[in-house]
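Chemist: Encoded as structure tokens, here's the structure I'll be asking about.
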Amino acid sequence: MDASKLHPDTLALHAGFRSDPATTAVAVPIYQTTSYQFRDTDHASKLFGLQELGNIYTRIMNPTCDVLEQRLAAMEGGAAALAVASGQSATTFSVMNLCEAGDNFVTSTDLYGGTWNLFANTFKQMGIEARFADPADPDSFRKLTDDKTRCYYAETLPNPKLEVFPIKEVSDIGRALGVPLIVDNTAAPMFCRPLDHGAAIVMYSTTKYIGGHGTSIGGVIIDGGNFDWESHKDRFPLLSRPDPSYHGAVWLEAAKPLGPIAYILRARVVLLRDIGAAMSPLNAFQFIQGVETLPLRIRRHCENAAKVADFLVSQDGVTRVIYPGHMDGEARRRADTYLNNGLFGALVGFELDGGVDAGRKFIDSLELLYHVANIGDARSLAIHPASTTHSQLSEEDQAATGVTPGYVRLSIGIEHPDDILADISQALAKV
Ligand code: PLP
């Protein structure tokens with residue numbers, strides 16, 4: 001079977017696994033083990049010396065996690081992947097794998113709040129500087145780049161603004177300067193493949209759509225295998241300098257016999273080894289179950305969200321609907337360019353003219369939609385950012401992130417659309 005000829009929908013069920021070599025089981029087994037018996041001391045030495053790849057210890061790799069990694073890498077068109085304990089650890093590793101104290105990276109301002117905190121505060125404490133660029137102006141990334149800039153970072157479909165990131169524009173700037181673009185594609189699985197548009201690395205919080213069932217926290221980093229690290233060696237000392245923690249290995253050299261995977265190899269054998277944010281085999285199994293139905297679920301998510309956005313436009317008290325499929329101008333061009341098949345995602349924002357009180361009342365009146373700080377569950381979810389996720393920010397800072405007092409964020413699920421609309425309708429009537 002030539003995986004390169006298969007569609008992502010098929011790869012979601014087949015990539016990385018045919019049947020269990022030990023038992024012929026067709027479902028991916030949960031290899032709930034910490035360690036693995038070496039054949040002999042020679043085998044053990046080869047594994048530790050990276051002359052042969054294989055299982056050593058589950059903090060570094062595990063056969064169940066391996067299937068998830070291979071599957072997501074194949075679906076994304078990447079070379080290899082690394083599963084980790086959360087989306088947050090995926091973001092942390094993706095940047096730390098290139099940056100050390102004294103370095104900087106340029107990031108879009110439109111970010112998940114947890115990512116913003118990590119970049120603005122925790123990385124700062126580590127001596128890594130995040131430089132914030134306006135995604136509406138791709139050239140701002142170039143202007144902030146210098147010799148110590150190790151990567152660019154952005155989200156495909158950041159909420160609450162829901163304006164799609166200019167992936168090709170910024171990756172073209174980066175490739176000319178030798179700077180790889182890392183894209184958090186959490187909100188756009190299947191209907192955007194950032195690697196096709198020039199991104200070098202893709203990461204996901206698998207906690208959201210990939211899991212789908214709201215059971216597990218996890219993350220993954222996918223190495224596109226498409227970035228020319230070699231020609232820009234000096235920009236990447238962590239990949240091109242002998243690593244004292246691994247007998248002086250130079251990752252760009254060590255990876256050569258294994259494929260274009262120097263970046264993800266280092267993330268595994270250095271960061272995962274040292275920091276230990278490993279995904280558990282049970283969670284990897286849960287994500288595999290999610291991935292298998294992701295192509296079907298994501299279509300239903302997006303179709304339902306389009307219906308909700310269309311419905312909200314004509315409702316009394318709703319002053320604005322924020323949804324990529326309703327945008328015009330440059331924001332719409334980007335949505336049409338980067339989101340495939342007319343799918344515009346499952347996130348919908350809207351503003352109520354009654355401000356904070358109306359937002360709270362709407363949320364408190366919902367009966368079917370859950371009131372949770374999450375996105376990407378199979379169930380429909382709602383939150384009022386001004387009184388929750390963004391409540392620590394001043395009204396001015398809230399506005400800068402796209403949150404107004406009456407803003408409500410919906411993450412539309414896969415229930416019957418009529419039931420979702422009925423619940424929103426009855427809650428709006430109570431506002
Ligand atoms: N990236 C995005 C876009 C997110 O929405 C989230 C979580 O909400 C994360 C990253 C962090 O993921 P996790 O909660 O799995 O650590």
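In the structure tokens, the first chain shown is A, the next is B, and so on; residue numbers restart at 1 for each chain, and ligands run from 1 in the order shown.
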Hey, which residues come within 8 Å of ligand 1 if we count only C-alpha atoms and all ligand atoms? Could you give them as a PyMOL selection string?

Modeler: chain A and resi 85-91+111-112+114-115+155+157-159+184-187+204-208+217-219+373-375

Chemist: What would the file look like if the residues just selected were written as a PDB file, in the first residue's frame with C-alpha atoms?

Modeler:
ATOM      1  CA  ALA A  85       1.473  15.564  27.011  1.00  0.00           C
ATOM      2  CA  SER A  86      -0.532  18.677  25.992  1.00  0.00           C
ATOM      3  CA  GLY A  87      -0.910  21.386  23.385  1.00  0.00           C
ATOM      4  CA  GLN A  88       1.016  23.660  25.743  1.00  0.00           C
ATOM      5  CA  SER A  89       3.991  21.306  25.820  1.00  0.00           C
ATOM      6  CA  ALA A  90       3.833  21.011  22.013  1.00  0.00           C
ATOM      7  CA  THR A  91       4.062  24.812  21.726  1.00  0.00           C
ATOM      8  CA  LEU A 111      -2.796  33.731  19.940  1.00  0.00           C
ATOM      9  CA  TYR A 112      -4.526  31.471  22.421  1.00  0.00           C
ATOM     10  CA  GLY A 114      -2.090  30.248  27.276  1.00  0.00           C
ATOM     11  CA  THR A 115       0.369  30.616  24.403  1.00  0.00           C
ATOM     12  CA  GLU A 155      -2.173  30.143  14.620  1.00  0.00           C
ATOM     13  CA  LEU A 157      -7.508  30.293  12.753  1.00  0.00           C
ATOM     14  CA  PRO A 158      -7.081  32.276  15.978  1.00  0.00           C
ATOM     15  CA  ASN A 159     -10.074  33.138  18.096  1.00  0.00           C
ATOM     16  CA  ASP A 184      -0.624  25.973  15.485  1.00  0.00           C
ATOM     17  CA  ASN A 185      -3.365  24.337  13.392  1.00  0.00           C
ATOM     18  CA  THR A 186      -5.516  23.257  16.357  1.00  0.00           C
ATOM     19  CA  ALA A 187      -8.671  24.992  15.072  1.00  0.00           C
ATOM     20  CA  TYR A 204      -1.812  20.717  17.464  1.00  0.00           C
ATOM     21  CA  SER A 205      -3.477  20.619  20.785  1.00  0.00           C
ATOM     22  CA  THR A 206      -4.935  17.131  20.171  1.00  0.00           C
ATOM     23  CA  THR A 207      -7.159  17.872  23.171  1.00  0.00           C
ATOM     24  CA  LYS A 208      -9.594  19.576  20.742  1.00  0.00           C
ATOM     25  CA  ILE A 217      -5.224  16.324  27.045  1.00  0.00           C
ATOM     26  CA  GLY A 218      -2.453  15.979  24.463  1.00  0.00           C
ATOM     27  CA  GLY A 219      -0.398  17.625  21.772  1.00  0.00           C
ATOM     28  CA  ALA A 373     -13.486  27.099  28.603  1.00  0.00           C
ATOM     29  CA  ASN A 374     -12.734  24.786  25.717  1.00  0.00           C
ATOM     30  CA  ILE A 375     -13.135  24.393  21.974  1.00  0.00           C
TER      31      ILE A 375
END

Chemist: Quick one: DSSP alpha helix (DSSP H) residues in stretch 152-400 of chain A, as a PyMOL selection string?

Modeler: chain A and resi 167-177+237-240+251-254+262-266+273-275+281-313+329-338+355-365+395-400

Chemist: Return the single residue from A:Asp110, A:Glu163, A:Asp103, A:Glu396 that is closest to A:Gly349, with distances computed using only C-alpha atoms.

Modeler: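 Between A:Asp110, A:Glu163, A:Asp103, A:Glu396, the residue approaching A:Gly349 most closely is A:Glu163.
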
Chemist: Could you tell me how far atom CA of A:Gly77 lies from atom CA of A:Arg193, in Å and to one decimal?

Modeler: 7.8 Å

Chemist: Between atom CA of A:Glu415 and atom CA of A:Ser365, what is the distance, to one decimal in Å?

Modeler: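 Distance reported for this atom pair: 18.5 Å.
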
Chemist: Got a sec: who's within 10 Å of A:Asp419, counting only C-alpha atoms, leaving out chain neighbours fewer than 6 positions off, as number ranges by chain?

Modeler: A: 368-369, 425

Chemist: For the atom pair atom CA of A:Val220 and atom CA of A:Val67, what is the interatomic distance in Å to one decimal place?

Modeler: 12.2 Å

Chemist: What's the 9 Å shell around A:Tyr407, counting only C-alpha atoms, without same-chain residues fewer than 4 positions away, as a PyMOL selection string?

Modeler: chain A and resi 160+349-352+355-356+359+383-386+402-403
